[in-house]
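Heads up, model_32.cif below (mmCIF, C-alpha atoms):
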```cif
data_run
#
loop_
_atom_site.group_PDB
_atom_site.id
_atom_site.type_symbol
_atom_site.label_atom_id
_atom_site.label_comp_id
_atom_site.auth_asym_id
_atom_site.auth_seq_id
_atom_site.Cartn_x
_atom_site.Cartn_y
_atom_site.Cartn_z
ATOM 1 C CA MET A 257 -92.507 -215.192 -54.306
ATOM 2 C CA GLN A 258 -95.290 -212.627 -54.057
ATOM 3 C CA ARG A 259 -95.815 -210.723 -57.272
ATOM 4 C CA GLN A 260 -96.317 -206.897 -57.251
ATOM 5 C CA ALA A 261 -99.694 -205.734 -58.393
ATOM 6 C CA TYR A 262 -99.810 -203.889 -61.703
ATOM 7 C CA VAL A 263 -102.216 -200.946 -61.952
ATOM 8 C CA PRO A 264 -102.622 -199.809 -65.588
ATOM 9 C CA GLY A 265 -104.429 -196.546 -64.687
ATOM 10 C CA LEU A 266 -101.649 -195.251 -62.471
ATOM 11 C CA THR A 267 -98.996 -196.052 -65.079
ATOM 12 C CA ALA A 268 -100.852 -194.060 -67.737
ATOM 13 C CA LEU A 269 -101.302 -191.091 -65.370
ATOM 14 C CA ALA A 270 -97.562 -190.983 -64.579
ATOM 15 C CA ALA A 271 -96.683 -191.047 -68.273
ATOM 16 C CA ALA A 272 -99.074 -188.198 -69.004
ATOM 17 C CA LEU A 273 -97.646 -186.039 -66.231
ATOM 18 C CA ALA A 274 -94.080 -186.631 -67.459
ATOM 19 C CA LEU A 275 -95.083 -185.672 -70.984
ATOM 20 C CA GLY A 276 -96.812 -182.512 -69.730
ATOM 21 C CA LEU A 277 -93.771 -181.363 -67.718
ATOM 22 C CA THR A 278 -91.476 -181.936 -70.683
ATOM 23 C CA GLY A 279 -93.749 -179.949 -72.924
ATOM 24 C CA CYS A 280 -93.912 -176.982 -70.502
ATOM 25 C CA SER A 281 -90.148 -176.907 -70.151
ATOM 26 C CA SER A 282 -89.593 -176.999 -73.882
ATOM 27 C CA GLY A 283 -92.146 -174.243 -74.484
ATOM 28 C CA GLY A 284 -90.566 -171.994 -71.805
ATOM 29 C CA ASP A 285 -87.123 -172.208 -73.426
ATOM 30 C CA ALA A 286 -88.606 -171.296 -76.795
ATOM 31 C CA ASP A 287 -90.364 -168.259 -75.326
ATOM 32 C CA VAL A 288 -87.123 -166.980 -73.718
ATOM 33 C CA THR A 289 -85.235 -167.467 -76.979
ATOM 34 C CA ALA A 290 -87.916 -165.564 -78.879
ATOM 35 C CA MET A 291 -87.762 -162.652 -76.400
ATOM 36 C CA ASP A 292 -83.963 -162.494 -76.650
ATOM 37 C CA SER A 293 -84.078 -162.374 -80.438
ATOM 38 C CA LYS A 294 -86.577 -159.502 -80.371
ATOM 39 C CA ALA A 295 -84.424 -157.477 -77.908
ATOM 40 C CA GLY A 296 -81.456 -157.533 -80.287
ATOM 41 C CA PRO A 297 -77.754 -157.486 -79.383
ATOM 42 C CA ALA A 298 -76.598 -155.431 -76.388
ATOM 43 C CA ALA A 299 -75.113 -152.003 -77.195
ATOM 44 C CA PRO A 300 -71.295 -152.069 -77.128
ATOM 45 C CA ALA A 301 -69.633 -150.263 -74.233
ATOM 46 C CA ALA A 302 -67.832 -147.001 -75.003
ATOM 47 C CA PRO A 303 -64.074 -147.463 -75.478
ATOM 48 C CA PRO A 304 -61.770 -146.759 -72.522
ATOM 49 C CA GLY A 305 -59.253 -143.914 -72.573
ATOM 50 C CA ARG A 306 -55.699 -144.390 -73.702
ATOM 51 C CA TYR A 307 -54.154 -143.857 -70.271
ATOM 52 C CA ARG A 308 -54.531 -146.141 -67.248
ATOM 53 C CA THR A 309 -51.809 -144.591 -65.047
ATOM 54 C CA LEU A 310 -50.009 -141.256 -64.632
ATOM 55 C CA PHE A 311 -46.326 -140.391 -64.450
ATOM 56 C CA GLU A 312 -44.656 -138.930 -61.361
ATOM 57 C CA PRO A 313 -45.018 -135.133 -61.775
ATOM 58 C CA CYS A 314 -42.137 -133.652 -59.768
ATOM 59 C CA GLY A 315 -39.581 -135.660 -61.702
ATOM 60 C CA ALA A 316 -41.274 -134.953 -65.042
ATOM 61 C CA VAL A 317 -39.817 -131.431 -65.295
ATOM 62 C CA PRO A 318 -36.047 -131.559 -65.908
ATOM 63 C CA GLN A 319 -33.767 -129.204 -64.033
ATOM 64 C CA THR A 320 -32.760 -127.463 -67.267
ATOM 65 C CA ALA A 321 -36.401 -126.407 -67.708
ATOM 66 C CA LEU A 322 -36.722 -125.396 -64.057
ATOM 67 C CA ARG A 323 -33.727 -123.066 -64.405
ATOM 68 C CA ASP A 324 -35.685 -121.090 -67.007
ATOM 69 C CA LEU A 325 -38.984 -121.272 -65.143
ATOM 70 C CA LEU A 326 -37.502 -120.324 -61.739
ATOM 71 C CA PRO A 327 -34.744 -117.802 -62.487
ATOM 72 C CA GLY A 328 -34.640 -116.685 -58.853
ATOM 73 C CA ALA A 329 -33.488 -120.148 -57.763
ATOM 74 C CA ALA A 330 -30.009 -119.578 -59.201
ATOM 75 C CA GLU A 331 -29.385 -116.948 -56.522
ATOM 76 C CA LEU A 332 -30.320 -119.229 -53.612
ATOM 77 C CA PRO A 333 -27.844 -121.140 -51.425
ATOM 78 C CA ASP A 334 -27.171 -124.684 -52.588
ATOM 79 C CA ALA A 335 -29.497 -126.392 -50.109
ATOM 80 C CA GLU A 336 -32.399 -124.033 -50.832
ATOM 81 C CA ARG A 337 -31.807 -124.218 -54.584
ATOM 82 C CA ASP A 338 -31.894 -128.013 -54.513
ATOM 83 C CA LYS A 339 -35.109 -127.915 -52.507
ATOM 84 C CA ALA A 340 -36.664 -125.470 -54.970
ATOM 85 C CA TYR A 341 -35.825 -127.739 -57.911
ATOM 86 C CA ARG A 342 -37.200 -130.862 -56.178
ATOM 87 C CA GLY A 343 -40.656 -129.389 -55.883
ATOM 88 C CA SER A 344 -43.461 -130.414 -53.558
ATOM 89 C CA ALA A 345 -45.844 -133.189 -54.577
ATOM 90 C CA SER A 346 -49.565 -132.528 -54.240
ATOM 91 C CA VAL A 347 -51.505 -134.663 -51.796
ATOM 92 C CA THR A 348 -53.981 -136.850 -53.702
ATOM 93 C CA TYR A 349 -55.983 -139.932 -52.769
ATOM 94 C CA ASP A 350 -55.307 -141.892 -55.958
ATOM 95 C CA THR A 351 -52.100 -141.273 -57.887
ATOM 96 C CA ASP A 352 -53.492 -143.217 -60.846
ATOM 97 C CA ARG A 353 -56.256 -140.641 -61.164
ATOM 98 C CA ARG A 354 -54.633 -137.333 -60.211
ATOM 99 C CA VAL A 355 -51.142 -136.063 -59.439
ATOM 100 C CA GLY A 356 -49.520 -132.653 -59.084
ATOM 101 C CA CYS A 357 -46.405 -130.796 -58.067
ATOM 102 C CA SER A 358 -45.448 -127.207 -57.244
ATOM 103 C CA TRP A 359 -42.202 -125.252 -57.230
ATOM 104 C CA LYS A 360 -41.255 -121.777 -55.977
ATOM 105 C CA ALA A 361 -38.238 -119.505 -55.895
ATOM 106 C CA ASP A 362 -37.996 -116.032 -54.322
ATOM 107 C CA SER A 363 -35.492 -113.232 -54.798
ATOM 108 C CA PRO A 364 -35.447 -109.664 -53.383
ATOM 109 C CA ASP A 365 -37.313 -108.124 -56.347
ATOM 110 C CA SER A 366 -39.307 -111.039 -57.795
ATOM 111 C CA SER A 367 -40.787 -114.445 -57.054
ATOM 112 C CA TYR A 368 -41.897 -117.316 -59.253
ATOM 113 C CA ARG A 369 -44.430 -120.075 -58.698
ATOM 114 C CA LEU A 370 -45.044 -123.105 -60.897
ATOM 115 C CA ALA A 371 -47.894 -125.558 -60.359
ATOM 116 C CA LEU A 372 -48.590 -128.711 -62.345
ATOM 117 C CA ASP A 373 -51.845 -130.665 -62.168
ATOM 118 C CA ILE A 374 -52.428 -133.878 -64.160
ATOM 119 C CA GLU A 375 -55.835 -135.564 -64.126
ATOM 120 C CA ARG A 376 -56.836 -138.878 -65.677
ATOM 121 C CA VAL A 377 -60.571 -138.797 -66.356
ATOM 122 C CA VAL A 378 -62.620 -141.987 -66.118
ATOM 123 C CA SER A 379 -66.233 -142.260 -67.248
ATOM 124 C CA TYR A 380 -68.384 -144.567 -65.174
ATOM 125 C CA ASP A 381 -71.157 -144.440 -67.762
ATOM 126 C CA PRO A 382 -70.732 -147.353 -70.213
ATOM 127 C CA ALA A 383 -72.370 -145.240 -72.920
ATOM 128 C CA VAL A 384 -69.844 -142.378 -72.555
ATOM 129 C CA SER A 385 -66.167 -142.870 -73.353
ATOM 130 C CA ASP A 386 -63.359 -141.659 -71.103
ATOM 131 C CA ASP A 387 -62.248 -139.263 -73.867
ATOM 132 C CA ALA A 388 -65.726 -137.742 -74.148
ATOM 133 C CA ARG A 389 -65.924 -137.265 -70.387
ATOM 134 C CA ALA A 390 -62.452 -135.683 -70.377
ATOM 135 C CA GLN A 391 -63.564 -133.268 -73.091
ATOM 136 C CA GLU A 392 -66.468 -132.193 -70.874
ATOM 137 C CA VAL A 393 -64.014 -131.431 -68.053
ATOM 138 C CA PHE A 394 -61.749 -129.528 -70.447
ATOM 139 C CA ALA A 395 -64.707 -127.508 -71.777
ATOM 140 C CA ARG A 396 -65.613 -126.425 -68.240
ATOM 141 C CA LYS A 397 -62.048 -125.247 -67.642
ATOM 142 C CA GLN A 398 -62.111 -123.330 -70.912
ATOM 143 C CA ALA A 399 -65.449 -121.723 -70.056
ATOM 144 C CA ALA A 400 -64.109 -120.690 -66.633
ATOM 145 C CA ALA A 401 -61.160 -118.955 -68.322
ATOM 146 C CA HIS A 402 -63.519 -116.641 -70.257
ATOM 147 C CA LEU A 403 -61.368 -116.583 -73.374
ATOM 148 C CA PRO A 404 -62.192 -113.623 -75.627
ATOM 149 C CA GLN A 405 -64.031 -114.450 -78.823
ATOM 150 C CA THR A 406 -61.706 -113.453 -81.663
ATOM 151 C CA PRO A 407 -62.019 -113.995 -85.442
ATOM 152 C CA ALA A 408 -59.118 -116.450 -85.276
ATOM 153 C CA SER A 409 -60.871 -118.583 -82.675
ATOM 154 C CA PRO A 410 -62.874 -121.549 -84.051
ATOM 155 C CA GLN A 411 -65.324 -120.945 -81.218
ATOM 156 C CA ALA A 412 -66.229 -117.452 -82.373
ATOM 157 C CA PRO A 413 -69.865 -117.360 -83.580
ATOM 158 C CA GLN A 414 -70.747 -115.573 -86.806
ATOM 159 C CA ASP A 415 -71.910 -111.998 -86.404
ATOM 160 C CA THR A 416 -75.658 -111.952 -86.960
ATOM 161 C CA GLY A 417 -76.239 -108.573 -85.336
ATOM 162 C CA ALA A 418 -77.495 -110.152 -82.127
ATOM 163 C CA ALA A 419 -75.740 -111.057 -78.936
ATOM 164 C CA GLN A 420 -74.172 -114.490 -79.079
ATOM 165 C CA THR A 421 -73.576 -117.040 -76.342
ATOM 166 C CA PRO A 422 -70.075 -118.574 -76.218
ATOM 167 C CA GLN A 423 -70.006 -122.152 -77.432
ATOM 168 C CA THR A 424 -67.947 -125.206 -76.608
ATOM 169 C CA PRO A 425 -65.722 -126.934 -79.214
ATOM 170 C CA GLY A 426 -68.617 -129.318 -79.917
ATOM 171 C CA GLY A 427 -70.798 -126.379 -80.951
ATOM 172 C CA THR A 428 -73.270 -126.591 -78.050
ATOM 173 C CA THR A 429 -74.047 -123.675 -75.803
ATOM 174 C CA ASN A 430 -72.161 -124.072 -72.546
ATOM 175 C CA PRO A 431 -72.116 -120.969 -70.300
ATOM 176 C CA PRO A 432 -69.845 -121.263 -67.261
ATOM 177 C CA PRO A 433 -71.648 -122.749 -64.269
ATOM 178 C CA ALA A 434 -72.651 -120.329 -61.555
ATOM 179 C CA GLY A 435 -70.065 -120.130 -58.821
ATOM 180 C CA THR A 436 -67.385 -121.842 -60.912
ATOM 181 C CA THR A 437 -63.921 -120.419 -60.442
ATOM 182 C CA GLY A 438 -61.644 -122.914 -62.198
ATOM 183 C CA ALA A 439 -57.855 -123.016 -62.204
ATOM 184 C CA THR A 440 -57.633 -120.235 -64.774
ATOM 185 C CA GLN A 441 -60.386 -117.898 -63.569
ATOM 186 C CA PRO A 442 -59.062 -114.330 -63.892
ATOM 187 C CA PRO A 443 -58.552 -112.756 -60.456
ATOM 188 C CA SER A 444 -60.751 -109.844 -59.491
ATOM 189 C CA GLY A 445 -59.332 -106.698 -61.062
ATOM 190 C CA GLY A 446 -57.067 -108.698 -63.380
ATOM 191 C CA VAL A 447 -56.219 -107.325 -66.803
ATOM 192 C CA ALA A 448 -55.553 -109.586 -69.772
ATOM 193 C CA PRO A 449 -53.114 -108.546 -72.528
ATOM 194 C CA THR A 450 -54.516 -106.369 -75.333
ATOM 195 C CA PRO A 451 -56.024 -108.671 -78.015
ATOM 196 C CA THR A 452 -54.020 -106.982 -80.768
ATOM 197 C CA THR A 453 -50.674 -108.029 -79.269
ATOM 198 C CA GLY A 454 -50.969 -111.679 -80.279
ATOM 199 C CA LEU A 455 -50.474 -112.625 -76.608
ATOM 200 C CA GLU A 456 -54.140 -112.565 -75.626
ATOM 201 C CA PRO A 457 -55.790 -115.567 -73.953
ATOM 202 C CA ARG A 458 -56.526 -117.959 -76.809
ATOM 203 C CA LEU A 459 -56.888 -121.477 -78.116
ATOM 204 C CA LEU A 460 -53.623 -123.205 -78.969
ATOM 205 C CA GLU A 461 -52.862 -125.476 -81.897
ATOM 206 C CA GLY A 462 -50.359 -128.307 -82.056
ATOM 207 C CA LEU A 463 -50.597 -129.122 -78.352
ATOM 208 C CA GLY A 464 -52.453 -132.279 -77.402
ATOM 209 C CA GLU A 465 -55.878 -132.690 -78.975
ATOM 210 C CA VAL A 466 -57.233 -129.384 -77.620
ATOM 211 C CA ALA A 467 -55.502 -126.646 -75.636
ATOM 212 C CA PHE A 468 -55.819 -123.053 -74.498
ATOM 213 C CA LEU A 469 -53.710 -120.368 -72.831
ATOM 214 C CA ASP A 470 -54.819 -117.750 -70.314
ATOM 215 C CA ASP A 471 -52.814 -114.675 -69.227
ATOM 216 C CA VAL A 472 -53.824 -112.244 -66.474
ATOM 217 C CA LEU A 473 -51.862 -109.341 -64.939
ATOM 218 C CA THR A 474 -53.017 -108.311 -61.475
ATOM 219 C CA PRO A 475 -51.805 -105.465 -59.218
ATOM 220 C CA ASP A 476 -51.280 -106.275 -55.550
ATOM 221 C CA GLY A 477 -51.364 -104.142 -52.435
ATOM 222 C CA SER A 478 -47.626 -103.495 -52.186
ATOM 223 C CA ASN A 479 -47.019 -101.583 -55.430
ATOM 224 C CA GLY A 480 -46.149 -104.866 -57.093
ATOM 225 C CA ARG A 481 -47.787 -106.835 -59.855
ATOM 226 C CA HIS A 482 -48.106 -110.504 -60.583
ATOM 227 C CA ARG A 483 -48.868 -112.199 -63.858
ATOM 228 C CA THR A 484 -50.508 -115.606 -64.078
ATOM 229 C CA VAL A 485 -50.076 -117.653 -67.239
ATOM 230 C CA SER A 486 -52.052 -120.889 -67.493
ATOM 231 C CA VAL A 487 -51.804 -123.555 -70.181
ATOM 232 C CA VAL A 488 -54.348 -126.368 -70.248
ATOM 233 C CA PHE A 489 -54.373 -129.221 -72.744
ATOM 234 C CA ARG A 490 -56.048 -132.596 -73.190
ATOM 235 C CA THR A 491 -54.614 -135.763 -74.681
ATOM 236 C CA SER A 492 -57.155 -138.604 -74.792
ATOM 237 C CA ASN A 493 -58.473 -138.929 -71.215
ATOM 238 C CA VAL A 494 -55.670 -136.953 -69.512
ATOM 239 C CA ILE A 495 -55.880 -133.213 -68.810
ATOM 240 C CA VAL A 496 -52.730 -131.265 -67.935
ATOM 241 C CA THR A 497 -52.964 -127.851 -66.268
ATOM 242 C CA ILE A 498 -49.908 -125.625 -65.876
ATOM 243 C CA GLY A 499 -50.082 -122.540 -63.685
ATOM 244 C CA TYR A 500 -47.102 -120.183 -63.885
ATOM 245 C CA VAL A 501 -46.979 -117.039 -61.729
ATOM 246 C CA ALA A 502 -44.328 -114.316 -61.669
ATOM 247 C CA GLN A 503 -44.528 -111.449 -59.174
ATOM 248 C CA THR A 504 -42.476 -108.253 -59.026
ATOM 249 C CA THR A 505 -42.130 -105.815 -56.151
ATOM 250 C CA GLY A 506 -41.455 -102.097 -55.826
ATOM 251 C CA VAL A 507 -40.356 -100.261 -58.973
ATOM 252 C CA THR A 508 -39.473 -103.414 -60.903
ATOM 253 C CA GLU A 509 -41.317 -103.687 -64.221
ATOM 254 C CA ALA A 510 -44.291 -106.007 -64.532
ATOM 255 C CA PRO A 511 -43.477 -109.586 -65.554
ATOM 256 C CA ASP A 512 -43.156 -109.873 -69.307
ATOM 257 C CA SER A 513 -46.103 -111.640 -70.914
ATOM 258 C CA ALA A 514 -44.267 -112.951 -73.988
ATOM 259 C CA GLU A 515 -41.450 -114.423 -71.920
ATOM 260 C CA LEU A 516 -43.730 -116.162 -69.413
ATOM 261 C CA GLN A 517 -45.992 -117.532 -72.136
ATOM 262 C CA GLU A 518 -43.042 -118.967 -74.017
ATOM 263 C CA ARG A 519 -41.748 -120.726 -70.902
ATOM 264 C CA ALA A 520 -45.166 -122.145 -70.053
ATOM 265 C CA ARG A 521 -45.750 -123.362 -73.606
ATOM 266 C CA ASN A 522 -42.312 -124.973 -73.756
ATOM 267 C CA LEU A 523 -43.120 -126.884 -70.577
ATOM 268 C CA ALA A 524 -46.516 -127.915 -71.991
ATOM 269 C CA ARG A 525 -44.868 -129.310 -75.128
ATOM 270 C CA LEU A 526 -42.364 -131.204 -72.978
ATOM 271 C CA LEU A 527 -45.174 -132.792 -70.948
ATOM 272 C CA ALA A 528 -47.172 -133.594 -74.085
ATOM 273 C CA ASP A 529 -44.134 -135.453 -75.427
ATOM 274 C CA ARG A 530 -43.866 -137.296 -72.114
ATOM 275 C CA LEU A 531 -47.431 -138.530 -72.507
ATOM 276 C CA GLU A 532 -46.575 -139.887 -75.948
ATOM 277 C CA GLU A 533 -43.728 -142.045 -74.619
#
```

Same coordinates, now as structure tokens:
Amino acid sequence: MQRQAYVPGLTALAAALALGLTGCSSGGDADVTAMDSKAGPAAPAAPPGRYRTLFEPCGAVPQTALRDLLPGAAELPDAERDKAYRGSASVTYDTDRRVGCSWKADSPDSSYRLALDIERVVSYDPAVSDDARAQEVFARKQAAAHLPQTPASPQAPQDTGAAQTPQTPGGTTNPPPAGTTGATQPPSGGVAPTPTTGLEPRLLEGLGEVAFLDDVLTPDGSNGRHRTVSVVFRTSNVIVTIGYVAQTTGVTEAPDSAELQERARNLARLLADRLEE
């Protein structure tokens, strides 16, 4: 049998190359490990909001509450009254992100409108939590409402003898964006209640994490007047906006501010409890 030739030089060269490749690989892994240790651990992502879904809005307001909110519905025929109490769901593209419902009832001398908007805020920035993003949305709504600065308001700046710029709950200057109207923007020519009545637009306590109420009385072109009461509150990453409008015609007195505010606040407390379930 023919024997294979043995070449010592080639064998040594192959061994050297294998040793060199092993050394390069080992050194590369060490360099990567060293770089990772210098970079430090990755920053933790901001926590998600408490809520992942939203409840169905039209069924969230019981008929007992709607009887108080829509007094004109009691005078309607049965079919129309049932329709008024069912409400009309808002058209949204994602019911896990935003839902709404509206109700209305008309009578010869007055009409009532109720609108409910519920928004679940999601932050797509891993460094900003859903709650923090929701607070930014709430602050914009509050700025658009132009709440008066009163001594009882925690937002009121101290009097230093110079003009002050309204501030957000976080203490940072946040003037309303140009062109912003918002759900609670006072209509042109609207008149808010006198601040000394205790019914003025204001921050609310004991409702969600933060809340405010707006109240505007506006004359219309037919010798009537309509009053719009809005209550907005935030719980975690959900913002609830209630718009309640009562309109009178002819010689009927203007809608009563205290009565409408009480109804709107009662509904807000009911919805806040629903979120806690």

Selected residue of minimal separation from Asp471 (chain A) among A:Phe394, A:Tyr500, A:Trp359, A:Tyr307, counting only C-alpha atoms: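 Among A:Phe394, A:Tyr500, A:Trp359, A:Tyr307, it is A:Tyr500 that comes nearest to Asp471 (chain A).
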
Can you give me, as a VMD selection string, the residues this file yields under the PyMOL selection byres ((chain A and resi 478-494) around 7)? chain A and resid 305 to 307 374 to 377 386 to 387 390 440 463 to 477 495 to 506 510 to 511 516 to 517 520 to 521

If you keep C-alpha atoms, can you produce a file of those selected residues as a PDB file, in the frame of the given file?
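For reference, part28.pdb as written:
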```pdb
ATOM      1  CA  GLY A 305     -59.253-143.914 -72.573  1.00  0.00           C
ATOM      2  CA  ARG A 306     -55.699-144.390 -73.702  1.00  0.00           C
ATOM      3  CA  TYR A 307     -54.154-143.857 -70.271  1.00  0.00           C
ATOM      4  CA  ILE A 374     -52.428-133.878 -64.160  1.00  0.00           C
ATOM      5  CA  GLU A 375     -55.835-135.564 -64.126  1.00  0.00           C
ATOM      6  CA  ARG A 376     -56.836-138.878 -65.677  1.00  0.00           C
ATOM      7  CA  VAL A 377     -60.571-138.797 -66.356  1.00  0.00           C
ATOM      8  CA  ASP A 386     -63.359-141.659 -71.103  1.00  0.00           C
ATOM      9  CA  ASP A 387     -62.248-139.263 -73.867  1.00  0.00           C
ATOM     10  CA  ALA A 390     -62.452-135.683 -70.377  1.00  0.00           C
ATOM     11  CA  THR A 440     -57.633-120.235 -64.774  1.00  0.00           C
ATOM     12  CA  LEU A 463     -50.597-129.122 -78.352  1.00  0.00           C
ATOM     13  CA  GLY A 464     -52.453-132.279 -77.402  1.00  0.00           C
ATOM     14  CA  GLU A 465     -55.878-132.690 -78.975  1.00  0.00           C
ATOM     15  CA  VAL A 466     -57.233-129.384 -77.620  1.00  0.00           C
ATOM     16  CA  ALA A 467     -55.502-126.646 -75.636  1.00  0.00           C
ATOM     17  CA  PHE A 468     -55.819-123.053 -74.498  1.00  0.00           C
ATOM     18  CA  LEU A 469     -53.710-120.368 -72.831  1.00  0.00           C
ATOM     19  CA  ASP A 470     -54.819-117.750 -70.314  1.00  0.00           C
ATOM     20  CA  ASP A 471     -52.814-114.675 -69.227  1.00  0.00           C
ATOM     21  CA  VAL A 472     -53.824-112.244 -66.474  1.00  0.00           C
ATOM     22  CA  LEU A 473     -51.862-109.341 -64.939  1.00  0.00           C
ATOM     23  CA  THR A 474     -53.017-108.311 -61.475  1.00  0.00           C
ATOM     24  CA  PRO A 475     -51.805-105.465 -59.218  1.00  0.00           C
ATOM     25  CA  ASP A 476     -51.280-106.275 -55.550  1.00  0.00           C
ATOM     26  CA  GLY A 477     -51.364-104.142 -52.435  1.00  0.00           C
ATOM     27  CA  ILE A 495     -55.880-133.213 -68.810  1.00  0.00           C
ATOM     28  CA  VAL A 496     -52.730-131.265 -67.935  1.00  0.00           C
ATOM     29  CA  THR A 497     -52.964-127.851 -66.268  1.00  0.00           C
ATOM     30  CA  ILE A 498     -49.908-125.625 -65.876  1.00  0.00           C
ATOM     31  CA  GLY A 499     -50.082-122.540 -63.685  1.00  0.00           C
ATOM     32  CA  TYR A 500     -47.102-120.183 -63.885  1.00  0.00           C
ATOM     33  CA  VAL A 501     -46.979-117.039 -61.729  1.00  0.00           C
ATOM     34  CA  ALA A 502     -44.328-114.316 -61.669  1.00  0.00           C
ATOM     35  CA  GLN A 503     -44.528-111.449 -59.174  1.00  0.00           C
ATOM     36  CA  THR A 504     -42.476-108.253 -59.026  1.00  0.00           C
ATOM     37  CA  THR A 505     -42.130-105.815 -56.151  1.00  0.00           C
ATOM     38  CA  GLY A 506     -41.455-102.097 -55.826  1.00  0.00           C
ATOM     39  CA  ALA A 510     -44.291-106.007 -64.532  1.00  0.00           C
ATOM     40  CA  PRO A 511     -43.477-109.586 -65.554  1.00  0.00           C
ATOM     41  CA  LEU A 516     -43.730-116.162 -69.413  1.00  0.00           C
ATOM     42  CA  GLN A 517     -45.992-117.532 -72.136  1.00  0.00           C
ATOM     43  CA  ALA A 520     -45.166-122.145 -70.053  1.00  0.00           C
ATOM     44  CA  ARG A 521     -45.750-123.362 -73.606  1.00  0.00           C
TER      45      ARG A 521
END
```

Could you tell me, as a PyMOL selection string, which residues have any atom at most 12 Å from (-35.6, -119.4, -70.3), counting all atoms listed in the file? chain A and resi 319-328+514-523

Filtering to C-alpha atoms, could you give me those residues as a tab-separated table (two decimals), keeping the file's coordinate frame?
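And here is the file that came out, out_25.tsv:
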```
chain	number	residue	atom	x	y	z
A	319	GLN	CA	-33.77	-129.20	-64.03
A	320	THR	CA	-32.76	-127.46	-67.27
A	321	ALA	CA	-36.40	-126.41	-67.71
A	322	LEU	CA	-36.72	-125.40	-64.06
A	323	ARG	CA	-33.73	-123.07	-64.40
A	324	ASP	CA	-35.68	-121.09	-67.01
A	325	LEU	CA	-38.98	-121.27	-65.14
A	326	LEU	CA	-37.50	-120.32	-61.74
A	327	PRO	CA	-34.74	-117.80	-62.49
A	328	GLY	CA	-34.64	-116.68	-58.85
A	514	ALA	CA	-44.27	-112.95	-73.99
A	515	GLU	CA	-41.45	-114.42	-71.92
A	516	LEU	CA	-43.73	-116.16	-69.41
A	517	GLN	CA	-45.99	-117.53	-72.14
A	518	GLU	CA	-43.04	-118.97	-74.02
A	519	ARG	CA	-41.75	-120.73	-70.90
A	520	ALA	CA	-45.17	-122.14	-70.05
A	521	ARG	CA	-45.75	-123.36	-73.61
A	522	ASN	CA	-42.31	-124.97	-73.76
A	523	LEU	CA	-43.12	-126.88	-70.58
```

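From CA of Ala524 (chain A) back to CA of Ala330 (chain A), the distance works out to 22.5 Å.
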
Would you be able to write out as an MDAnalysis selection string which residues have an atom within 8 Å of (-68.1, -145.0, -77.7) in the file's coordinates, counting all atoms listed in the file? chainID A and resid 300:303 383:385

Find the residue from A:Ala329, A:Pro364, A:Gly462, A:Asp373 that sits nearest to Thr348 (chain A); use all atoms listed in the file when measuring. A:Asp373

Of the candidates A:Phe311, A:Arg369, A:Ala400, A:Glu509, which one gets nearest to Gly356 (chain A) if we count all atoms listed in the file?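 Under the stated criterion, the closest residue is A:Phe311.
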
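Put simply, CA of Ser344 (chain A) is 12.3 Å away from CA of Val317 (chain A).
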
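Minimum distance to Thr453 (chain A) across A:Leu403, A:Ser513, A:Gly343, A:Leu527 (counting only C-alpha atoms) occurs at A:Ser513.
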
Identify all residues satisfying the PyMOL selection byres ((chain A and resi 312) around 10) in the given file; provide them as a ChimeraX atom specification. /A:309-311,313-317,345,351-352,355-357,374

Which value, in Å to one decimal, gives the distance between CA of Pro457 (chain A) and CA of Gln398 (chain A)?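 About the pair CA of Pro457 (chain A) and CA of Gln398 (chain A): they are 10.5 Å apart.
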
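Here the question is which of A:Gln405, A:Leu372, A:Asp338, A:Asp512 gets nearest to Leu455 (chain A) using all atoms listed in the file, and that residue is A:Asp512.
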
Here is a test: counting only C-alpha atoms, which residue of A:Lys339, A:Arg354, A:Arg308, A:Arg458 is nearest to His402 (chain A)? A:Arg458
